[in-house]
Amino acid sequence: MELRDYLKIMRARVGLIVLSVIVITGIAVTRSLTQKPSYQAIALILVTEQDTGLTVLGTPQAQQSYQPGRDIVQTQVEVIQSSRIAEQVISDLNLNTTPVALLARVTASADTGTDNITITAVDASAEGATRIANEFAKVYVAWSRESQSGSIQTAADDVQRRLALAQQQIASIEQTATKADSDQARLQAARTLYATLADKLEQLRIAEQLVKGAGSVLSSATIDPNPVSPRPPRDAALGLALGLLVGLFAVFVAEQLDNRIKSAEEASEIYGAPVLATIPAERVSKKELARLALADRPGSPASEAYRMLRNNLGFINFDKGIKTILVTSATPGEGKSTVAANLATILSRAGSRVALVVCDFYLPAAERFFDLDYSLGLSNVLAGTCSVSAALQQPAGFENLSVITAGPLPPNPSELLGSEAMHTLVAGLRESVDWVILDSAPLLAAADTAAAARWVDGVLVVAHLAVTKREAASAGREQLKNVGARILGVTVWGSMETANQVGYYGYHDPAAR
């Protein structure tokens with residue numbers, strides 16, 4: 001699909017887009033106006049994670065334990081958002097909530113490229129949000145100090161154990177040592193180790209008193225009197241954007257689910273025949289449903305479209321081999337009787353002798369365009385109770401047009417239309433007039449059309465935009481193909497594309513001046 005196709009789809013369903021925008025924007029604004037205000041407070045923590053116990057001992061791991069901006073900062077984020085910290089905050093502030101509910105209002109995040117952690121708290125009051133953010137920072141710092149103090153204590157316990165072993169080693173050497181140089185050297189080494197361990201233990205004791213923990217408060221939260229939500233202008237803008245996106249999504253979903261024919265090109269592709277005319281949709285009252293556009297409004301766009309249909313039929317029939325045409329549609333309500341009646345009228349007014357035969361016994365609509373006697377018609381002729389000449393009627397004011405009405409509904413319509421009597425009737429009319437137009441039943445409504453299609457030179461199919469379904473049109477085409485019928489072309493009825501021509505054609509219409 002090209003860009004203009006997408007624009008055409010959106011233009012055709014602009015109401016759905018507008019509805020989505022109005023509904024979602026309305027919901028967003030209503031929710032914003034009725035929502036209780038929420039306030040936010042932010043505290044900042046600096047992470048200086050380092051195992052003091054390992055540092056004092058001088059172990060190689062001490063150099064690896066401090067990794068700014070790597071996994072340690074993210075680990076501390078998870079610690080801050082743990083239930084243990086939340087429970088302590090609830091206890092300290094005497095909050096009437098649960099850790100899960102509290103953590104839903106508090107977030108901790110690591111600032112990119114730094115060793116900082118931002119603690120954000122949201123509450124119904126600015127003071128409450130500030131207290132919660134600062135308390136989380138305070139509890140975390142205390143926890144990190146306690147955790148690091150434990151590391152120092154573990155290291156001190158290890159040094160104490162090694163110091164006791166060194167003391168035992170010294171006592172053992174003193175009992176067995178002689179004045180030999182080797183014994184004296186061993187004793188000196190043991191005493192040196194003891195002195196080193198004693199010095200390390202003293203350092204650990206001092207460090208335990210000075211420990212600060214893995215994190216420190218870089219910036220405490222302050223009271224911000226401006227609520228973070230609701231914000232009606234922002235929520236309205238977000239609702240508008242979301243509504244537009246939802247509307248566009250709904251339009252294209254509806255378009256995918258909609259299997260109706262929406263353009264003349266699509267109708268031509270499905271039926272495998274050219275579009276001979278596009279008849280614009282006209283707004284008429286119920287009393288005017290059976291109205292000949294050519295008779296009532298000869299200067300209207302619809303009348304000009306029927307003239308285009310007549311001309312295009314002339315181009316197709318350049319060798320004068322086509323004289324009998326069956327007009328049908330895939331399903332009822334597509335305008336095939338209107339097209340048949342107007343086509344017969346325009347051909348007769350061009351000087352051609354035309355016979356309009358109504359073959360739709362179930363809903364004979366084409367005959368209603370003329371003031372005729374409906375008691376005698378095609379069913380009587382095919383049943384042999386009436387002659388063709390007796391059934392032919394000439395409407396008042398239509399010099400070159402003769403009409404055979406449907407007549408009474410027979411018990412076997414398809415058998416009559418497929419009989420030799422029907423063949424003889426069509427062949428006889430073909431010899432006596434210039435054009436024979438048959439208005440038949442819809443293809444998928446009855447088997448009548450397939451039966452009658454064998455006796456004509458070609459079929460004119462009518463498709464109603466936004467009404468005819470693709471599957472129905474395809475099935476109708478297959479029916480005609482199965483009986484060997486030739487589709488001359490497609491008349492697209494109900495098109496809005498020619499609506500912009502009203503001004504031009506109205507210029508020639510005295511009633512429009």
# chains A, B, ... in the order shown; residues from 1 in each chain; ligands from 1
>>> select_by_dssp(residues="region 156-405 of chain A", states="helix (DSSP H, G or I)", output="PyMOL selection string")
chain A and resi 156-176+181-210+232-257+264-271+286-288+293-296+301-316+336-349+366-369+378-383+388-391
>>> write_last_selection(atoms="C-alpha atoms", output="short mmCIF file (atom, residue, chain, number, x, y, z; two decimals), in the first residue's frame")
data_model
loop_
_atom_site.label_atom_id
_atom_site.label_comp_id
_atom_site.auth_asym_id
_atom_site.auth_seq_id
_atom_site.Cartn_x
_atom_site.Cartn_y
_atom_site.Cartn_z
CA ALA A 156 39.73 -9.56 64.02
CA ASP A 157 38.58 -13.01 65.08
CA ASP A 158 40.79 -14.55 62.42
CA VAL A 159 43.81 -12.49 63.55
CA GLN A 160 43.08 -13.42 67.18
CA ARG A 161 43.12 -17.11 66.28
CA ARG A 162 46.35 -16.77 64.34
CA LEU A 163 47.87 -14.76 67.21
CA ALA A 164 47.11 -17.58 69.67
CA LEU A 165 48.76 -20.08 67.33
CA ALA A 166 51.83 -17.85 67.03
CA GLN A 167 52.05 -17.60 70.84
CA GLN A 168 51.90 -21.37 71.15
CA GLN A 169 54.59 -21.71 68.51
CA ILE A 170 56.87 -19.32 70.42
CA ALA A 171 56.40 -21.24 73.69
CA SER A 172 57.15 -24.52 71.94
CA ILE A 173 60.35 -23.22 70.34
CA GLU A 174 61.56 -21.70 73.63
CA GLN A 175 61.26 -25.09 75.36
CA THR A 176 63.35 -26.97 72.82
CA ASP A 181 71.84 -20.07 65.15
CA SER A 182 69.02 -22.05 63.47
CA ASP A 183 66.98 -22.31 66.64
CA GLN A 184 67.46 -18.63 67.42
CA ALA A 185 66.36 -17.71 63.89
CA ARG A 186 63.17 -19.76 64.23
CA LEU A 187 62.41 -18.12 67.54
CA GLN A 188 62.98 -14.65 66.09
CA ALA A 189 60.67 -15.37 63.12
CA ALA A 190 57.92 -16.59 65.43
CA ARG A 191 58.22 -13.50 67.60
CA THR A 192 58.16 -11.23 64.51
CA LEU A 193 54.97 -12.92 63.26
CA TYR A 194 53.42 -12.52 66.68
CA ALA A 195 54.27 -8.82 66.73
CA THR A 196 52.83 -8.31 63.23
CA LEU A 197 49.58 -10.07 64.10
CA ALA A 198 49.28 -8.09 67.32
CA ASP A 199 49.71 -4.87 65.33
CA LYS A 200 47.02 -5.97 62.81
CA LEU A 201 44.63 -6.78 65.63
CA GLU A 202 45.14 -3.33 67.11
CA GLN A 203 44.45 -1.74 63.71
CA LEU A 204 41.24 -3.73 63.37
CA ARG A 205 40.06 -2.64 66.80
CA ILE A 206 40.68 0.99 65.86
CA ALA A 207 38.99 0.55 62.45
CA GLU A 208 35.95 -0.97 64.16
CA GLN A 209 35.57 2.24 66.10
CA LEU A 210 35.95 4.42 63.00
CA PRO A 232 -3.96 18.06 34.10
CA PRO A 233 -2.14 19.75 31.17
CA ARG A 234 0.46 16.98 31.02
CA ASP A 235 -2.16 14.24 31.44
CA ALA A 236 -4.32 15.82 28.74
CA ALA A 237 -1.37 15.90 26.34
CA LEU A 238 -0.52 12.27 27.12
CA GLY A 239 -4.18 11.30 26.72
CA LEU A 240 -4.31 13.08 23.38
CA ALA A 241 -1.20 11.30 22.13
CA LEU A 242 -2.36 7.93 23.43
CA GLY A 243 -5.84 8.45 21.99
CA LEU A 244 -4.36 9.25 18.60
CA LEU A 245 -2.20 6.11 18.67
CA VAL A 246 -5.12 3.96 19.82
CA GLY A 247 -7.34 5.50 17.15
CA LEU A 248 -4.82 4.79 14.39
CA PHE A 249 -4.35 1.25 15.66
CA ALA A 250 -8.12 0.73 15.80
CA VAL A 251 -8.50 2.09 12.25
CA PHE A 252 -6.00 -0.33 10.77
CA VAL A 253 -7.36 -3.26 12.80
CA ALA A 254 -10.87 -2.42 11.60
CA GLU A 255 -9.55 -2.13 8.05
CA GLN A 256 -7.98 -5.59 8.26
CA LEU A 257 -11.17 -7.08 9.67
CA ALA A 264 -13.46 0.65 -7.90
CA GLU A 265 -9.98 -0.79 -8.44
CA GLU A 266 -10.67 -3.51 -5.90
CA ALA A 267 -14.00 -4.40 -7.54
CA SER A 268 -12.30 -4.60 -10.94
CA GLU A 269 -9.59 -6.88 -9.57
CA ILE A 270 -12.01 -9.28 -7.89
CA TYR A 271 -14.37 -9.61 -10.87
CA LYS A 286 -38.00 6.30 0.94
CA LYS A 287 -40.62 7.58 -1.50
CA GLU A 288 -37.88 8.29 -4.05
CA ALA A 293 -31.97 9.79 -12.23
CA LEU A 294 -32.07 10.39 -15.97
CA ALA A 295 -35.74 11.38 -15.87
CA ASP A 296 -35.87 13.36 -12.63
CA PRO A 301 -23.66 13.44 -11.46
CA ALA A 302 -25.58 10.15 -11.40
CA SER A 303 -27.11 10.86 -14.82
CA GLU A 304 -23.70 11.68 -16.23
CA ALA A 305 -22.33 8.42 -14.77
CA TYR A 306 -25.01 6.45 -16.63
CA ARG A 307 -24.08 8.24 -19.84
CA MET A 308 -20.50 7.15 -19.17
CA LEU A 309 -21.75 3.58 -18.76
CA ARG A 310 -23.56 3.79 -22.11
CA ASN A 311 -20.46 5.14 -23.84
CA ASN A 312 -18.17 2.50 -22.37
CA LEU A 313 -20.56 -0.24 -23.44
CA GLY A 314 -20.30 1.21 -26.92
CA PHE A 315 -16.52 0.94 -26.83
CA ILE A 316 -16.73 -2.69 -25.69
CA LYS A 336 -28.41 -3.76 -9.71
CA SER A 337 -32.10 -3.03 -10.46
CA THR A 338 -31.43 0.72 -10.33
CA VAL A 339 -28.54 0.30 -12.76
CA ALA A 340 -30.61 -1.93 -15.07
CA ALA A 341 -33.53 0.52 -15.24
CA ASN A 342 -31.33 3.57 -15.79
CA LEU A 343 -29.16 1.76 -18.33
CA ALA A 344 -32.24 0.76 -20.34
CA THR A 345 -33.46 4.36 -20.15
CA ILE A 346 -30.21 5.95 -21.31
CA LEU A 347 -29.85 3.49 -24.19
CA SER A 348 -33.44 4.15 -25.33
CA ARG A 349 -32.98 7.93 -25.15
CA ALA A 366 -36.56 -2.66 -11.89
CA GLU A 367 -40.20 -2.59 -13.03
CA ARG A 368 -41.10 -0.23 -10.18
CA PHE A 369 -39.31 2.61 -11.95
CA LEU A 378 -42.19 -13.08 -17.81
CA SER A 379 -43.48 -15.99 -15.75
CA ASN A 380 -46.64 -16.08 -17.88
CA VAL A 381 -44.62 -16.04 -21.12
CA LEU A 382 -42.30 -18.85 -20.02
CA ALA A 383 -45.23 -20.91 -18.74
CA VAL A 388 -44.30 -12.10 -25.78
CA SER A 389 -46.14 -9.31 -27.58
CA ALA A 390 -48.86 -9.32 -24.94
CA ALA A 391 -46.31 -9.13 -22.12
#
>>> residues_around(residues="region 221-225 of chain A", least_positions_apart="6", cutoff="7 Å", atoms="only C-alpha atoms", output="list of chain:residue names")
A:Ala41, A:Ile42, A:Ala43, A:Ala126, A:Glu127, A:Thr130, A:Ala133, A:Asn134
>>> closest_residue(among="A:Ala453, A:Val217, A:Val141, A:Val89", to="Arg486 (chain A)", atoms="only C-alpha atoms")
A:Ala453
>>> residues_around(residues="Ala472 (chain A)", least_positions_apart="2", cutoff="8 Å", atoms="only C-alpha atoms", output="list of chain:residue names")
A:Ala330, A:Thr331, A:Leu444, A:Thr468, A:Lys469, A:Arg470, A:Ser474, A:Ala475, A:Gly476
>>> write_last_selection(atoms="N, CA and C atoms", output="JSON list (two decimals), in the first residue's frame")
[["chain", "number", "residue", "atom", "x", "y", "z"],
["A", 330, "ALA", "N", -23.68, -9.62, -6.60],
["A", 330, "ALA", "CA", -23.39, -10.80, -5.79],
["A", 330, "ALA", "C", -24.46, -11.04, -4.74],
["A", 331, "THR", "N", -24.90, -9.98, -4.08],
["A", 331, "THR", "CA", -25.87, -10.10, -3.00],
["A", 331, "THR", "C", -26.96, -9.04, -3.17],
["A", 444, "LEU", "N", -25.80, -14.90, -5.44],
["A", 444, "LEU", "CA", -25.74, -15.79, -4.29],
["A", 444, "LEU", "C", -27.09, -15.97, -3.60],
["A", 468, "THR", "N", -20.71, -4.54, -0.59],
["A", 468, "THR", "CA", -20.34, -5.84, -1.18],
["A", 468, "THR", "C", -19.11, -6.40, -0.48],
["A", 469, "LYS", "N", -19.20, -7.64, -0.04],
["A", 469, "LYS", "CA", -18.06, -8.28, 0.61],
["A", 469, "LYS", "C", -17.19, -8.99, -0.43],
["A", 470, "ARG", "N", -15.90, -9.00, -0.15],
["A", 470, "ARG", "CA", -14.97, -9.59, -1.11],
["A", 470, "ARG", "C", -15.28, -11.05, -1.36],
["A", 474, "SER", "N", -16.22, -12.74, -4.97],
["A", 474, "SER", "CA", -15.42, -13.84, -5.52],
["A", 474, "SER", "C", -16.30, -15.06, -5.80],
["A", 475, "ALA", "N", -17.22, -15.36, -4.88],
["A", 475, "ALA", "CA", -18.12, -16.49, -5.09],
["A", 475, "ALA", "C", -19.04, -16.25, -6.28],
["A", 476, "GLY", "N", -19.52, -15.01, -6.44],
["A", 476, "GLY", "CA", -20.37, -14.68, -7.58],
["A", 476, "GLY", "C", -19.62, -14.82, -8.90]]
>>> atom_distance(atom1="CA of Leu465 (chain A)", atom2="CA of Arg477 (chain A)")
16.7 Å
>>> atom_distance(atom1="CA of Ala441 (chain A)", atom2="CA of Val403 (chain A)")
16.6 Å
>>> select_by_dssp(residues="region 252-483 of chain A", states="strand (DSSP E)", output="mmCIF file with N, CA and C atoms, in the first residue's frame")
data_model
loop_
_atom_site.group_PDB
_atom_site.id
_atom_site.type_symbol
_atom_site.label_atom_id
_atom_site.label_comp_id
_atom_site.auth_asym_id
_atom_site.auth_seq_id
_atom_site.Cartn_x
_atom_site.Cartn_y
_atom_site.Cartn_z
ATOM 1 N N VAL A 275 -13.950 -1.495 -14.872
ATOM 2 C CA VAL A 275 -15.045 -0.693 -14.315
ATOM 3 C C VAL A 275 -15.580 0.217 -15.409
ATOM 4 N N LEU A 276 -16.836 0.033 -15.775
ATOM 5 C CA LEU A 276 -17.437 0.812 -16.860
ATOM 6 C C LEU A 276 -18.029 2.124 -16.376
ATOM 7 N N ALA A 277 -18.378 2.200 -15.094
ATOM 8 C CA ALA A 277 -18.942 3.449 -14.561
ATOM 9 C C ALA A 277 -18.943 3.371 -13.047
ATOM 10 N N THR A 278 -18.832 4.540 -12.441
ATOM 11 C CA THR A 278 -18.970 4.656 -10.988
ATOM 12 C C THR A 278 -20.158 5.562 -10.728
ATOM 13 N N ILE A 279 -21.191 5.000 -10.161
ATOM 14 C CA ILE A 279 -22.432 5.742 -9.918
ATOM 15 C C ILE A 279 -22.361 6.359 -8.524
ATOM 16 N N PRO A 280 -22.413 7.683 -8.410
ATOM 17 C CA PRO A 280 -22.302 8.314 -7.088
ATOM 18 C C PRO A 280 -23.522 8.046 -6.228
ATOM 19 N N THR A 324 -27.381 -8.552 -25.925
ATOM 20 C CA THR A 324 -28.128 -9.004 -24.738
ATOM 21 C C THR A 324 -27.211 -8.948 -23.519
ATOM 22 N N ILE A 325 -27.637 -8.229 -22.504
ATOM 23 C CA ILE A 325 -26.823 -8.036 -21.292
ATOM 24 C C ILE A 325 -27.650 -8.391 -20.067
ATOM 25 N N LEU A 326 -27.069 -9.191 -19.207
ATOM 26 C CA LEU A 326 -27.708 -9.529 -17.932
ATOM 27 C C LEU A 326 -27.058 -8.699 -16.832
ATOM 28 N N VAL A 327 -27.865 -7.970 -16.079
ATOM 29 C CA VAL A 327 -27.379 -7.122 -14.988
ATOM 30 C C VAL A 327 -27.657 -7.832 -13.664
ATOM 31 N N THR A 328 -26.619 -8.015 -12.876
ATOM 32 C CA THR A 328 -26.774 -8.723 -11.607
ATOM 33 C C THR A 328 -25.769 -8.197 -10.596
ATOM 34 N N SER A 329 -25.808 -8.771 -9.398
ATOM 35 C CA SER A 329 -24.863 -8.431 -8.330
ATOM 36 C C SER A 329 -24.643 -9.678 -7.502
ATOM 37 N N VAL A 354 -34.827 -0.697 -27.018
ATOM 38 C CA VAL A 354 -34.391 -1.448 -25.841
ATOM 39 C C VAL A 354 -35.557 -2.218 -25.254
ATOM 40 N N ALA A 355 -35.260 -3.462 -24.851
ATOM 41 C CA ALA A 355 -36.237 -4.280 -24.127
ATOM 42 C C ALA A 355 -35.658 -4.606 -22.759
ATOM 43 N N LEU A 356 -36.349 -4.192 -21.715
ATOM 44 C CA LEU A 356 -35.945 -4.484 -20.341
ATOM 45 C C LEU A 356 -36.782 -5.650 -19.838
ATOM 46 N N VAL A 357 -36.127 -6.749 -19.503
ATOM 47 C CA VAL A 357 -36.823 -7.946 -19.038
ATOM 48 C C VAL A 357 -36.483 -8.155 -17.565
ATOM 49 N N VAL A 358 -37.480 -8.155 -16.717
ATOM 50 C CA VAL A 358 -37.270 -8.336 -15.274
ATOM 51 C C VAL A 358 -37.298 -9.834 -14.977
ATOM 52 N N LEU A 401 -38.482 2.281 -25.463
ATOM 53 C CA LEU A 401 -38.280 1.311 -24.384
ATOM 54 C C LEU A 401 -39.512 0.439 -24.201
ATOM 55 N N SER A 402 -39.292 -0.865 -24.137
ATOM 56 C CA SER A 402 -40.344 -1.826 -23.819
ATOM 57 C C SER A 402 -39.902 -2.620 -22.589
ATOM 58 N N VAL A 403 -40.858 -2.965 -21.747
ATOM 59 C CA VAL A 403 -40.546 -3.651 -20.492
ATOM 60 C C VAL A 403 -41.420 -4.891 -20.360
ATOM 61 N N ILE A 404 -40.786 -5.996 -19.950
ATOM 62 C CA ILE A 404 -41.525 -7.194 -19.559
ATOM 63 C C ILE A 404 -41.352 -7.346 -18.058
ATOM 64 N N TRP A 435 -31.034 -3.557 -28.043
ATOM 65 C CA TRP A 435 -30.466 -3.981 -26.757
ATOM 66 C C TRP A 435 -31.527 -4.733 -25.964
ATOM 67 N N VAL A 436 -31.098 -5.841 -25.335
ATOM 68 C CA VAL A 436 -31.963 -6.573 -24.415
ATOM 69 C C VAL A 436 -31.273 -6.553 -23.043
ATOM 70 N N ILE A 437 -31.904 -5.925 -22.068
ATOM 71 C CA ILE A 437 -31.345 -5.814 -20.710
ATOM 72 C C ILE A 437 -32.153 -6.717 -19.790
ATOM 73 N N LEU A 438 -31.469 -7.665 -19.154
ATOM 74 C CA LEU A 438 -32.123 -8.578 -18.222
ATOM 75 C C LEU A 438 -31.728 -8.196 -16.786
ATOM 76 N N ASP A 439 -32.704 -7.909 -15.965
ATOM 77 C CA ASP A 439 -32.465 -7.640 -14.534
ATOM 78 C C ASP A 439 -32.735 -8.927 -13.774
ATOM 79 N N GLY A 458 -23.359 -11.191 -22.552
ATOM 80 C CA GLY A 458 -22.435 -10.798 -21.498
ATOM 81 C C GLY A 458 -23.171 -10.389 -20.241
ATOM 82 N N VAL A 459 -22.409 -10.266 -19.155
ATOM 83 C CA VAL A 459 -22.971 -9.934 -17.841
ATOM 84 C C VAL A 459 -22.355 -8.627 -17.352
ATOM 85 N N LEU A 460 -23.211 -7.742 -16.871
ATOM 86 C CA LEU A 460 -22.764 -6.506 -16.216
ATOM 87 C C LEU A 460 -22.992 -6.682 -14.717
ATOM 88 N N VAL A 461 -21.894 -6.668 -13.953
ATOM 89 C CA VAL A 461 -21.980 -6.894 -12.507
ATOM 90 C C VAL A 461 -21.986 -5.553 -11.781
ATOM 91 N N VAL A 462 -22.865 -5.428 -10.804
ATOM 92 C CA VAL A 462 -22.946 -4.213 -9.991
ATOM 93 C C VAL A 462 -22.356 -4.505 -8.618
ATOM 94 N N ALA A 463 -21.456 -3.654 -8.172
ATOM 95 C CA ALA A 463 -20.847 -3.782 -6.843
ATOM 96 C C ALA A 463 -21.101 -2.507 -6.062
ATOM 97 N N HIS A 464 -21.560 -2.653 -4.838
ATOM 98 C CA HIS A 464 -21.866 -1.504 -3.974
ATOM 99 C C HIS A 464 -20.701 -1.300 -3.018
#
>>> atom_distance(atom1="CA of Ser220 (chain A)", atom2="CA of Asp111 (chain A)")
16.2 Å
>>> closest_residue(among="A:Ser38, A:Gln394, A:Thr25, A:Pro230", to="Asp371 (chain A)", atoms="only C-alpha atoms")
A:Gln394
